[in-house]
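Peer 1: Following this line is structure-v7.txt, made up of compact mmCIF, C-alpha atoms and all ligand atoms:
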# COMPACT_ATOMS: atom_id res chain seq x y z
CA MET N 751 0.00 0.00 0.00
CA PRO N 752 1.36 3.50 -0.81
CA THR N 753 2.07 5.55 2.31
CA PRO N 754 -1.31 6.62 3.69
CA GLN N 755 -1.86 10.24 4.70
CA LYS N 756 -3.14 9.46 8.20
CA THR N 757 -3.93 6.47 10.38
CA ILE N 758 -7.52 6.87 11.50
CA LEU N 759 -9.40 4.79 14.09
CA ILE N 760 -13.21 4.83 13.97
CA SER N 761 -15.62 3.16 16.38
CA GLY N 762 -19.07 2.22 15.07
CA GLY N 763 -17.94 2.16 11.43
CA ALA N 764 -20.18 -0.77 10.44
CA SER N 765 -23.42 1.20 10.15
CA GLY N 766 -25.01 4.61 9.67
CA ILE N 767 -22.84 7.67 10.27
CA GLY N 768 -19.69 5.64 11.04
CA LEU N 769 -20.00 3.58 7.84
CA HIS N 770 -20.48 6.72 5.72
CA LEU N 771 -17.43 8.33 7.34
CA THR N 772 -15.32 5.18 6.90
CA THR N 773 -16.23 5.03 3.22
CA ARG N 774 -15.43 8.73 2.64
CA LEU N 775 -12.11 8.61 4.48
CA SER N 776 -11.01 5.36 2.81
CA HIS N 777 -11.19 7.16 -0.55
CA LEU N 778 -9.07 10.05 0.74
CA SER N 779 -5.93 7.91 1.01
CA HIS N 780 -6.08 7.33 4.75
CA GLN N 781 -5.59 3.98 6.48
CA ILE N 782 -8.68 3.17 8.56
CA PHE N 783 -9.19 0.75 11.44
CA VAL N 784 -12.78 0.20 12.54
CA ALA N 785 -13.80 -0.99 16.01
CA ASP N 786 -17.31 -2.43 15.91
CA LEU N 787 -19.35 -5.37 17.16
CA SER N 788 -20.36 -6.17 13.60
CA GLN N 789 -19.23 -6.00 9.99
CA PRO N 790 -21.02 -3.70 7.54
CA PRO N 791 -23.60 -5.26 5.20
CA ALA N 792 -21.99 -6.97 2.19
CA SER N 793 -23.48 -4.38 -0.20
CA SER N 794 -21.67 -1.57 1.68
CA LEU N 795 -18.34 -3.42 1.85
CA ALA N 796 -18.05 -3.04 -1.92
CA THR N 797 -18.07 0.77 -1.62
CA LEU N 798 -15.01 0.85 0.67
CA ALA N 799 -11.46 1.18 -0.64
CA PRO N 800 -10.67 -2.46 0.28
CA ASP N 801 -6.94 -2.32 1.00
CA ARG N 802 -7.36 0.72 3.24
CA VAL N 803 -9.97 -0.46 5.76
CA THR N 804 -9.57 -3.11 8.46
CA TYR N 805 -12.53 -4.14 10.63
CA ILE N 806 -11.53 -5.47 14.06
CA HIS N 807 -14.26 -6.99 16.24
CA THR N 808 -14.32 -4.77 19.34
CA ASP N 809 -16.73 -4.13 22.17
CA ILE N 810 -16.07 -0.57 23.30
CA THR N 811 -17.74 -1.22 26.66
CA SER N 812 -14.72 -3.39 27.53
CA LEU N 813 -11.43 -1.66 28.28
CA ALA N 814 -9.51 -4.86 27.46
CA SER N 815 -11.22 -5.07 24.07
CA CYS N 816 -10.35 -1.41 23.32
CA ARG N 817 -6.74 -2.00 24.42
CA ALA N 818 -6.44 -5.01 22.08
CA PHE N 819 -7.96 -2.99 19.21
CA VAL N 820 -5.55 -0.08 19.64
CA ALA N 821 -2.54 -2.42 19.91
CA ARG N 822 -3.56 -4.32 16.74
CA ALA N 823 -4.23 -1.12 14.78
CA LEU N 824 -0.84 0.27 15.76
CA GLU N 825 0.86 -2.97 14.79
CA LEU N 826 -0.82 -3.01 11.35
CA SER N 827 -0.56 0.73 10.63
CA VAL N 828 1.85 1.63 7.85
CA ASN N 829 2.83 4.89 9.58
CA LYS N 830 3.20 3.23 13.01
CA ARG N 831 1.17 5.99 14.66
CA ILE N 832 -2.44 6.95 15.35
CA ASP N 833 -3.29 10.38 13.95
CA VAL N 834 -7.03 10.44 14.49
CA LEU N 835 -9.73 8.74 16.56
CA VAL N 836 -13.42 9.24 15.76
CA ASN N 837 -15.72 7.88 18.48
CA VAL N 838 -18.97 7.25 16.61
CA ALA N 839 -20.33 4.04 18.18
CA GLY N 840 -23.41 4.60 20.29
CA VAL N 841 -26.80 3.23 21.20
CA CYS N 842 -30.18 4.90 21.64
CA ILE N 843 -32.76 2.72 23.37
CA SER N 844 -36.42 3.59 23.79
CA GLU N 845 -36.78 4.99 27.34
CA GLY N 846 -40.10 6.58 28.33
CA LEU N 847 -40.43 7.96 31.85
CA PHE N 848 -39.33 4.98 33.94
CA PRO N 849 -36.94 2.81 31.92
CA GLU N 850 -35.49 -0.44 33.28
CA GLU N 851 -32.09 -0.30 34.97
CA GLU N 852 -30.79 -2.35 32.03
CA VAL N 853 -31.51 0.57 29.69
CA PHE N 854 -29.52 2.90 31.94
CA ASN N 855 -26.58 0.47 32.15
CA LYS N 856 -26.36 -0.22 28.43
CA THR N 857 -26.77 3.43 27.39
CA VAL N 858 -24.12 4.69 29.80
CA ASP N 859 -21.80 1.73 29.12
CA VAL N 860 -21.71 2.22 25.35
CA ASN N 861 -22.10 5.98 24.99
CA PHE N 862 -20.05 7.25 27.92
CA ARG N 863 -17.81 4.43 29.21
CA GLY N 864 -17.13 3.26 25.64
CA THR N 865 -16.02 6.73 24.57
CA TRP N 866 -13.77 6.97 27.61
CA ASN N 867 -12.37 3.44 27.16
CA LEU N 868 -11.27 3.94 23.58
CA GLY N 869 -10.36 7.60 23.97
CA SER N 870 -8.08 7.08 26.93
CA GLU N 871 -6.25 4.17 25.25
CA VAL N 872 -5.67 6.27 22.13
CA LEU N 873 -4.60 9.35 24.12
CA ARG N 874 -1.80 7.29 25.72
CA VAL N 875 -0.47 6.40 22.26
CA MET N 876 -0.86 9.93 20.88
CA GLN N 877 0.89 11.48 23.89
CA GLY N 878 3.93 9.27 23.32
CA GLN N 879 4.30 9.74 19.56
CA GLU N 880 6.28 12.34 17.66
CA ALA N 881 4.59 15.70 16.91
CA ILE N 882 4.04 16.65 13.27
CA LEU N 883 4.29 20.26 12.07
CA VAL N 884 0.96 21.28 10.55
CA GLY N 885 0.41 24.07 8.03
CA GLY N 886 3.65 25.84 7.23
CA GLU N 887 2.33 29.36 6.79
CA GLU N 888 4.11 32.30 8.38
CA GLY N 889 3.60 32.34 12.14
CA GLU N 890 2.63 28.68 12.30
CA GLY N 891 4.64 26.28 14.38
CA GLU N 892 4.49 28.56 17.41
CA GLY N 893 1.50 27.10 19.23
CA HIS N 894 0.92 23.61 20.66
CA GLY N 895 -1.75 22.97 18.01
CA ASP N 896 0.69 23.63 15.16
CA ARG N 897 2.79 20.68 16.35
CA GLN N 898 0.18 17.98 16.42
CA ARG N 899 0.30 14.58 17.96
CA GLY N 900 -3.31 13.77 17.12
CA ALA N 901 -6.95 14.71 16.91
CA ILE N 902 -10.06 13.13 18.41
CA VAL N 903 -13.66 13.74 17.41
CA CYS N 904 -16.53 12.34 19.50
CA VAL N 905 -20.12 12.04 18.31
CA SER N 906 -22.50 13.44 20.91
CA SER N 907 -26.10 14.46 20.08
CA SER N 908 -28.29 17.55 19.96
CA ILE N 909 -30.17 15.79 22.80
CA GLY N 910 -26.97 16.15 24.85
CA LEU N 911 -27.39 19.93 24.47
CA ALA N 912 -31.18 20.28 24.91
CA PRO N 913 -33.59 17.63 26.22
CA VAL N 914 -36.17 15.70 24.24
CA PRO N 915 -39.09 14.14 26.21
CA GLY N 916 -38.56 10.53 27.27
CA MET N 917 -34.85 10.43 26.41
CA SER N 918 -33.21 11.57 29.65
CA ILE N 919 -30.62 8.81 29.98
CA TYR N 920 -29.54 9.06 26.34
CA GLY N 921 -29.33 12.86 26.64
CA ALA N 922 -27.31 12.64 29.85
CA SER N 923 -24.91 10.07 28.33
CA LYS N 924 -24.31 12.39 25.37
CA ALA N 925 -23.88 15.43 27.66
CA ALA N 926 -21.27 13.37 29.53
CA VAL N 927 -19.44 12.85 26.23
CA LEU N 928 -19.29 16.63 25.82
CA GLY N 929 -17.87 16.94 29.35
CA LEU N 930 -15.17 14.42 28.47
CA VAL N 931 -14.36 16.28 25.24
CA ARG N 932 -13.89 19.60 27.06
CA GLY N 933 -11.83 17.98 29.82
CA TRP N 934 -9.54 16.09 27.43
CA ALA N 935 -9.17 19.17 25.21
CA GLY N 936 -7.75 21.13 28.16
CA ASP N 937 -5.67 18.27 29.58
CA PHE N 938 -3.97 17.31 26.31
CA ALA N 939 -3.66 20.66 24.47
CA GLY N 940 -0.08 20.97 25.71
CA TRP N 941 0.84 17.84 23.71
CA GLY N 942 -0.77 19.17 20.53
CA ILE N 943 -3.76 16.83 20.77
CA ARG N 944 -7.08 18.40 19.75
CA VAL N 945 -10.40 16.99 20.99
CA ASN N 946 -13.76 18.12 19.59
CA ALA N 947 -17.35 16.94 19.24
CA VAL N 948 -20.15 16.87 16.73
CA ALA N 949 -23.77 16.93 17.93
CA PRO N 950 -26.09 15.54 15.24
CA GLY N 951 -29.80 16.23 15.19
CA LEU N 952 -32.10 13.63 13.62
CA ILE N 953 -30.09 11.67 11.05
CA ASP N 954 -31.46 9.07 8.67
CA THR N 955 -29.60 5.89 9.74
CA PRO N 956 -30.59 2.34 10.81
CA MET N 957 -30.89 3.71 14.38
CA LEU N 958 -34.04 5.70 13.56
CA PRO N 959 -36.62 3.07 12.54
CA VAL N 960 -35.79 1.03 15.66
CA LEU N 961 -36.21 4.01 17.95
CA TRP N 962 -39.32 5.43 16.32
CA ALA N 963 -41.14 2.15 15.69
CA GLY N 964 -44.92 2.10 15.96
CA GLU N 965 -47.61 4.35 14.50
CA GLU N 966 -47.71 6.86 17.36
CA ARG N 967 -43.94 7.34 17.48
CA GLN N 968 -43.75 7.56 13.66
CA ALA N 969 -46.30 10.40 13.78
CA MET N 970 -44.21 12.13 16.47
CA LEU N 971 -41.08 11.71 14.31
CA GLN N 972 -42.81 13.29 11.29
CA GLN N 973 -43.84 16.25 13.48
CA ILE N 974 -40.25 16.71 14.66
CA ILE N 975 -38.94 16.55 11.08
CA LYS N 976 -41.47 19.24 10.05
CA SER N 977 -40.14 21.54 12.76
CA VAL N 978 -36.52 21.40 11.48
CA PRO N 979 -35.84 24.98 10.25
CA LEU N 980 -33.77 23.81 7.26
CA GLY N 981 -36.67 21.60 6.25
CA ARG N 982 -35.34 18.05 6.17
CA ILE N 983 -33.93 15.20 8.20
CA GLY N 984 -30.13 15.01 8.32
CA LYS N 985 -28.04 12.63 6.22
CA PRO N 986 -24.92 10.74 7.34
CA SER N 987 -22.95 12.91 4.89
CA ASP N 988 -23.96 16.06 6.86
CA ILE N 989 -22.22 14.60 9.90
CA SER N 990 -19.21 13.23 7.99
CA ASN N 991 -18.59 16.72 6.57
CA ALA N 992 -18.33 18.25 10.05
CA ILE N 993 -16.15 15.41 11.36
CA ILE N 994 -13.81 15.62 8.37
CA TYR N 995 -13.33 19.34 9.02
CA LEU N 996 -12.59 18.80 12.73
CA LEU N 997 -10.05 16.04 12.14
CA SER N 998 -8.35 17.96 9.31
CA ASP N 999 -5.38 20.31 9.56
CA GLU N 1000 -7.77 23.17 8.64
CA ALA N 1001 -9.03 22.91 12.24
CA VAL N 1002 -5.51 23.33 13.66
CA HIS N 1003 -6.64 26.01 16.14
CA VAL N 1004 -9.94 24.39 17.17
CA THR N 1005 -10.22 22.33 20.34
CA GLY N 1006 -12.82 21.69 23.06
CA GLU N 1007 -15.65 22.66 20.69
CA CYS N 1008 -18.91 21.07 19.62
CA ILE N 1009 -20.43 21.59 16.18
CA LYS N 1010 -24.20 21.03 16.19
CA VAL N 1011 -25.39 19.68 12.84
CA SER N 1012 -29.16 19.59 13.08
CA GLY N 1013 -30.64 21.82 10.37
CA GLY N 1014 -31.22 24.42 13.09
CA PHE N 1015 -33.41 22.10 15.21
N1 LIG K 1101 -29.11 8.73 13.91
C1 LIG K 1101 -29.39 9.81 14.64
O1 LIG K 1101 -30.45 10.44 14.52
C2 LIG K 1101 -28.38 10.30 15.67
C3 LIG K 1101 -28.62 11.54 16.25
C4 LIG K 1101 -27.70 12.03 17.19
C5 LIG K 1101 -26.59 11.29 17.52
N2 LIG K 1101 -26.40 10.07 16.94
C6 LIG K 1101 -25.20 9.33 17.34
O2 LIG K 1101 -24.44 9.02 16.21
C7 LIG K 1101 -23.69 7.82 16.43
C8 LIG K 1101 -23.90 6.87 15.27
O3 LIG K 1101 -25.28 6.54 15.23
P1 LIG K 1101 -26.00 5.93 13.93
O4 LIG K 1101 -27.27 6.65 13.80
O5 LIG K 1101 -25.04 5.86 12.81
O6 LIG K 1101 -26.37 4.48 14.51
P2 LIG K 1101 -26.17 3.00 13.94
O7 LIG K 1101 -26.97 2.14 14.87
O8 LIG K 1101 -26.44 2.94 12.50
O9 LIG K 1101 -24.60 2.73 14.19
C9 LIG K 1101 -24.06 2.52 15.47
C10 LIG K 1101 -22.86 1.60 15.36
O10 LIG K 1101 -22.29 1.47 16.68
C11 LIG K 1101 -21.94 0.10 16.85
N3 LIG K 1101 -21.88 -0.25 18.28
C12 LIG K 1101 -22.91 -0.25 19.17
N4 LIG K 1101 -22.49 -0.70 20.37
C13 LIG K 1101 -21.16 -0.98 20.23
C14 LIG K 1101 -20.17 -1.50 21.11
N5 LIG K 1101 -20.45 -1.83 22.39
N6 LIG K 1101 -18.91 -1.66 20.65
C15 LIG K 1101 -18.60 -1.35 19.35
N7 LIG K 1101 -19.51 -0.89 18.47
C16 LIG K 1101 -20.77 -0.70 18.91
C17 LIG K 1101 -23.04 -0.68 16.13
O11 LIG K 1101 -22.66 -2.03 15.86
C18 LIG K 1101 -23.23 0.17 14.88
O12 LIG K 1101 -22.36 -0.24 13.84
C19 LIG K 1101 -24.17 7.28 17.78
O13 LIG K 1101 -23.25 7.66 18.78
C20 LIG K 1101 -25.49 7.98 17.98
O14 LIG K 1101 -25.83 8.10 19.34
C21 LIG K 1101 -27.27 9.57 16.02
Let me see the file written as structure tokens.
Peer 2:
Amino acid sequence: MPTPQKTILISGGASGIGLHLTTRLSHLSHQIFVADLSQPPASSLATLAPDRVTYIHTDITSLASCRAFVARALELSVNKRIDVLVNVAGVCISEGLFPEEEVFNKTVDVNFRGTWNLGSEVLRVMQGQEAILVGGEEGEGEGHGDRQRGAIVCVSSSIGLAPVPGMSIYGASKAAVLGLVRGWAGDFAGWGIRVNAVAPGLIDTPMLPVLWAGEERQAMLQQIIKSVPLGRIGKPSDISNAIIYLLSDEAVHVTGECIKVSGGF
């Protein structure tokens, strides 16, 4: 394989937003390692640049599983470094007012613990690797961000910023992700590691039909879609665009931020 531009780790790259992002990045000459419980559907596999993407079965709720994933990705990476982590994997389970404890445990385990598990393993690697000078324009190279060791983007949710009825645990787990992003951004800025978030609104992925199943909930979903100021439901590409900006060198001076991509909802 010709030398890839960057080594990029993505969790949740087998479906929805993560699969779209993996496909886009694989065609931009990056080497991608995906941590997911499953493989993408066979029809989607054909759209990936095959020699650039490696799926490694990983459960992000397990620290040991994340550790094994990071070690394997590093071993297989052509550049022997990790430039970018995108934490996309997440779950959204129907809650209502009094959900079972199981719903709480699973939501927090995947969305919050999983983000921490994988993020903290990757931060250890990034902290220890050589910094790369980004940009090259006059005045650059002076700040920590100009000498980068890595970038992390975490997928939160617009529900982590403002509540939606009957989704308190999910919203809290995604608000916790934002807390982690701001904390890590401050803690690791001195090493030239940037950490940012994207907060999607409603996005058309396999997650939606499961969550909004049933006539009543479908009607509620259609009402919500009608109230989106930009007039449509989001697409995975809307989210990939924001993530690709945040992980790119164009965002060299951006850290600890969250871009909401929700059509104004
Ligand atoms: N679709 C939306 O409307 C929407 C809105 C806001 C935020 N989000 C967030 O965007 C992210 C992607 O969601 P999506 O809509 O693409 O959903 P999706 O269900 O299509 O994809 C989620 C992926 O995460 C993986 N995953 C789940 N648990 C895992 C685990 N323990 N270990 C490893 N992988 C695991 C799944 O296998 C799947 O491939 C999630 O974090 C979700 O909360 C989605």
Peer 1: Can you tell me which residues come within 7 Å of ligand LIG 1101 (chain K) when counting all atoms listed in the file, ideally as a PyMOL selection string?
Peer 2: chain N and resi 761-768+785-788+808-811+838-842+860-861+864+905-908+949-958
Peer 1: Restrict the selected residues to C-alpha atoms and save them as a PDB file, in the frame of the given file.
Peer 2:
ATOM      1  CA  SER N 761     -15.620   3.160  16.380  1.00  0.00           C
ATOM      2  CA  GLY N 762     -19.070   2.220  15.070  1.00  0.00           C
ATOM      3  CA  GLY N 763     -17.940   2.160  11.430  1.00  0.00           C
ATOM      4  CA  ALA N 764     -20.180  -0.770  10.440  1.00  0.00           C
ATOM      5  CA  SER N 765     -23.420   1.200  10.150  1.00  0.00           C
ATOM      6  CA  GLY N 766     -25.010   4.610   9.670  1.00  0.00           C
ATOM      7  CA  ILE N 767     -22.840   7.670  10.270  1.00  0.00           C
ATOM      8  CA  GLY N 768     -19.690   5.640  11.040  1.00  0.00           C
ATOM      9  CA  ALA N 785     -13.800  -0.990  16.010  1.00  0.00           C
ATOM     10  CA  ASP N 786     -17.310  -2.430  15.910  1.00  0.00           C
ATOM     11  CA  LEU N 787     -19.350  -5.370  17.160  1.00  0.00           C
ATOM     12  CA  SER N 788     -20.360  -6.170  13.600  1.00  0.00           C
ATOM     13  CA  THR N 808     -14.320  -4.770  19.340  1.00  0.00           C
ATOM     14  CA  ASP N 809     -16.730  -4.130  22.170  1.00  0.00           C
ATOM     15  CA  ILE N 810     -16.070  -0.570  23.300  1.00  0.00           C
ATOM     16  CA  THR N 811     -17.740  -1.220  26.660  1.00  0.00           C
ATOM     17  CA  VAL N 838     -18.970   7.250  16.610  1.00  0.00           C
ATOM     18  CA  ALA N 839     -20.330   4.040  18.180  1.00  0.00           C
ATOM     19  CA  GLY N 840     -23.410   4.600  20.290  1.00  0.00           C
ATOM     20  CA  VAL N 841     -26.800   3.230  21.200  1.00  0.00           C
ATOM     21  CA  CYS N 842     -30.180   4.900  21.640  1.00  0.00           C
ATOM     22  CA  VAL N 860     -21.710   2.220  25.350  1.00  0.00           C
ATOM     23  CA  ASN N 861     -22.100   5.980  24.990  1.00  0.00           C
ATOM     24  CA  GLY N 864     -17.130   3.260  25.640  1.00  0.00           C
ATOM     25  CA  VAL N 905     -20.120  12.040  18.310  1.00  0.00           C
ATOM     26  CA  SER N 906     -22.500  13.440  20.910  1.00  0.00           C
ATOM     27  CA  SER N 907     -26.100  14.460  20.080  1.00  0.00           C
ATOM     28  CA  SER N 908     -28.290  17.550  19.960  1.00  0.00           C
ATOM     29  CA  ALA N 949     -23.770  16.930  17.930  1.00  0.00           C
ATOM     30  CA  PRO N 950     -26.090  15.540  15.240  1.00  0.00           C
ATOM     31  CA  GLY N 951     -29.800  16.230  15.190  1.00  0.00           C
ATOM     32  CA  LEU N 952     -32.100  13.630  13.620  1.00  0.00           C
ATOM     33  CA  ILE N 953     -30.090  11.670  11.050  1.00  0.00           C
ATOM     34  CA  ASP N 954     -31.460   9.070   8.670  1.00  0.00           C
ATOM     35  CA  THR N 955     -29.600   5.890   9.740  1.00  0.00           C
ATOM     36  CA  PRO N 956     -30.590   2.340  10.810  1.00  0.00           C
ATOM     37  CA  MET N 957     -30.890   3.710  14.380  1.00  0.00           C
ATOM     38  CA  LEU N 958     -34.040   5.700  13.560  1.00  0.00           C
TER      39      LEU N 958
END
Peer 1: Wanna dump the region 887-966 of chain N-region 829-836 of chain N contacts at 7 Å for me, each residue with its shortest atom pair and the distance in Å to one decimal, counting only C-alpha atoms, ordered by chain and number, as a tab-separated table?
Peer 2:
residue	atom	partner	partner_atom	distance
N:Arg899	CA	N:Asp833	CA	6.8
N:Gly900	CA	N:Asp833	CA	4.6
N:Ala901	CA	N:Val834	CA	4.9
N:Ile902	CA	N:Leu835	CA	4.8
N:Val903	CA	N:Val836	CA	4.8
N:Cys904	CA	N:Val836	CA	5.8
Peer 1: Generate a file of the selected residues that holds C-alpha atoms, formatted as a short mmCIF file (atom, residue, chain, number, x, y, z; two decimals), in the frame of the given file.
Peer 2:
data_model
loop_
_atom_site.label_atom_id
_atom_site.label_comp_id
_atom_site.auth_asym_id
_atom_site.auth_seq_id
_atom_site.Cartn_x
_atom_site.Cartn_y
_atom_site.Cartn_z
CA ARG N 899 0.30 14.58 17.96
CA GLY N 900 -3.31 13.77 17.12
CA ALA N 901 -6.95 14.71 16.91
CA ILE N 902 -10.06 13.13 18.41
CA VAL N 903 -13.66 13.74 17.41
CA CYS N 904 -16.53 12.34 19.50
#
Peer 1: Of the residues N:Ile919, N:Leu824, N:Val875, N:Leu883, which is the one nearest to Thr857 (chain N), using only C-alpha atoms?
Peer 2: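 Of all the options, N:Ile919 lies closest to Thr857 (chain N).
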Peer 1: Around region 864-882 of chain N, with edges along x, y and z and 5 Å added on all six sides, what centre and edge lengths do you get, in Å to one decimal, as lines of an AutoDock Vina configuration file?
Peer 2:
center_x = -5.4
center_y = 10.0
center_z = 20.4
size_x = 33.4
size_y = 23.4
size_z = 24.3
Peer 1: Record the distance separating CA of Leu961 (chain N) and CA of Gly929 (chain N), expressed in Å with one decimal.
Peer 2: 25.2 Å
Peer 1: So, with all atoms listed in the file as the atoms that count, which of N:Cys816, N:Cys1008, N:Val914, N:Ala799 lies closest to Leu930 (chain N)?
Peer 2: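 Using all atoms listed in the file, the shortest distance to Leu930 (chain N) belongs to N:Cys1008.
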Peer 1: Rounded to one decimal place, report the CA of Phe854 (chain N)-CA of Ser918 (chain N) distance in Å.
Peer 2: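 A separation of 9.7 Å between them.
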Peer 1: Name all residues at most 7 Å from region 975-978 of chain N (count all atoms listed in the file; drop same-chain ones fewer than 4 positions away) and give them as a PDB file with C-alpha atoms, in the frame of the given file.
Peer 2:
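Listing of out01.pdb after writing:
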ATOM      1  CA  LEU N 971     -41.080  11.710  14.310  1.00  0.00           C
ATOM      2  CA  ARG N 982     -35.340  18.050   6.170  1.00  0.00           C
ATOM      3  CA  ILE N 983     -33.930  15.200   8.200  1.00  0.00           C
ATOM      4  CA  GLY N1013     -30.640  21.820  10.370  1.00  0.00           C
ATOM      5  CA  GLY N1014     -31.220  24.420  13.090  1.00  0.00           C
ATOM      6  CA  PHE N1015     -33.410  22.100  15.210  1.00  0.00           C
TER       7      PHE N1015
END
Peer 1: So what do you get for CA of Tyr805 (chain N) versus CA of Leu775 (chain N), distance-wise?
Peer 2: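 The value is 14.2 Å.
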Peer 1: Under the rule that all atoms listed in the file are counted, which of N:Arg863, N:His894, N:His770, N:Lys756 is the nearest residue to Asp988 (chain N)?
Peer 2: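 Distance minimum relative to Asp988 (chain N) lands on N:His770.
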Peer 1: Excluding same-chain residues fewer than 4 positions from Gln898 (chain N), what lies within 9 Å of it counting all atoms listed in the file, as a list in words?
Peer 2: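 Non-adjacent residues within range: Asp833, Glu880, Ala881, Ile882, Leu883, Val884, His894, Trp941, Gly942, Ile943, Arg944 and Val1002 of chain N.
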Peer 1: Atoms to include: C-alpha atoms. Write the selected residues as a PDB file, keeping the file's coordinate frame.
Peer 2:
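The result, written out as again_17.pdb:
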ATOM      1  CA  ASP N 833      -3.290  10.380  13.950  1.00  0.00           C
ATOM      2  CA  GLU N 880       6.280  12.340  17.660  1.00  0.00           C
ATOM      3  CA  ALA N 881       4.590  15.700  16.910  1.00  0.00           C
ATOM      4  CA  ILE N 882       4.040  16.650  13.270  1.00  0.00           C
ATOM      5  CA  LEU N 883       4.290  20.260  12.070  1.00  0.00           C
ATOM      6  CA  VAL N 884       0.960  21.280  10.550  1.00  0.00           C
ATOM      7  CA  HIS N 894       0.920  23.610  20.660  1.00  0.00           C
ATOM      8  CA  TRP N 941       0.840  17.840  23.710  1.00  0.00           C
ATOM      9  CA  GLY N 942      -0.770  19.170  20.530  1.00  0.00           C
ATOM     10  CA  ILE N 943      -3.760  16.830  20.770  1.00  0.00           C
ATOM     11  CA  ARG N 944      -7.080  18.400  19.750  1.00  0.00           C
ATOM     12  CA  VAL N1002      -5.510  23.330  13.660  1.00  0.00           C
TER      13      VAL N1002
END
Peer 1: Taking 6 positions as the minimum chain separation for residues in the same chain, which residues sit within 9 Å of Phe819 (chain N) when counting all atoms listed in the file? Answer as number ranges by chain.
Peer 2: N: 783-785, 806-808, 868
Peer 1: Taking all atoms listed in the file into account, which of N:Asp937, N:Glu965, N:Glu1007, N:Glu852 comes nearest Leu873 (chain N)?
Peer 2: N:Asp937
Peer 1: Compare N:Ser815, N:Thr757, N:Ser827, N:Leu795 by their minimum atom-to-atom distance to Thr773 (chain N), counting all atoms listed in the file, and give me the closest one.
Peer 2: N:Leu795
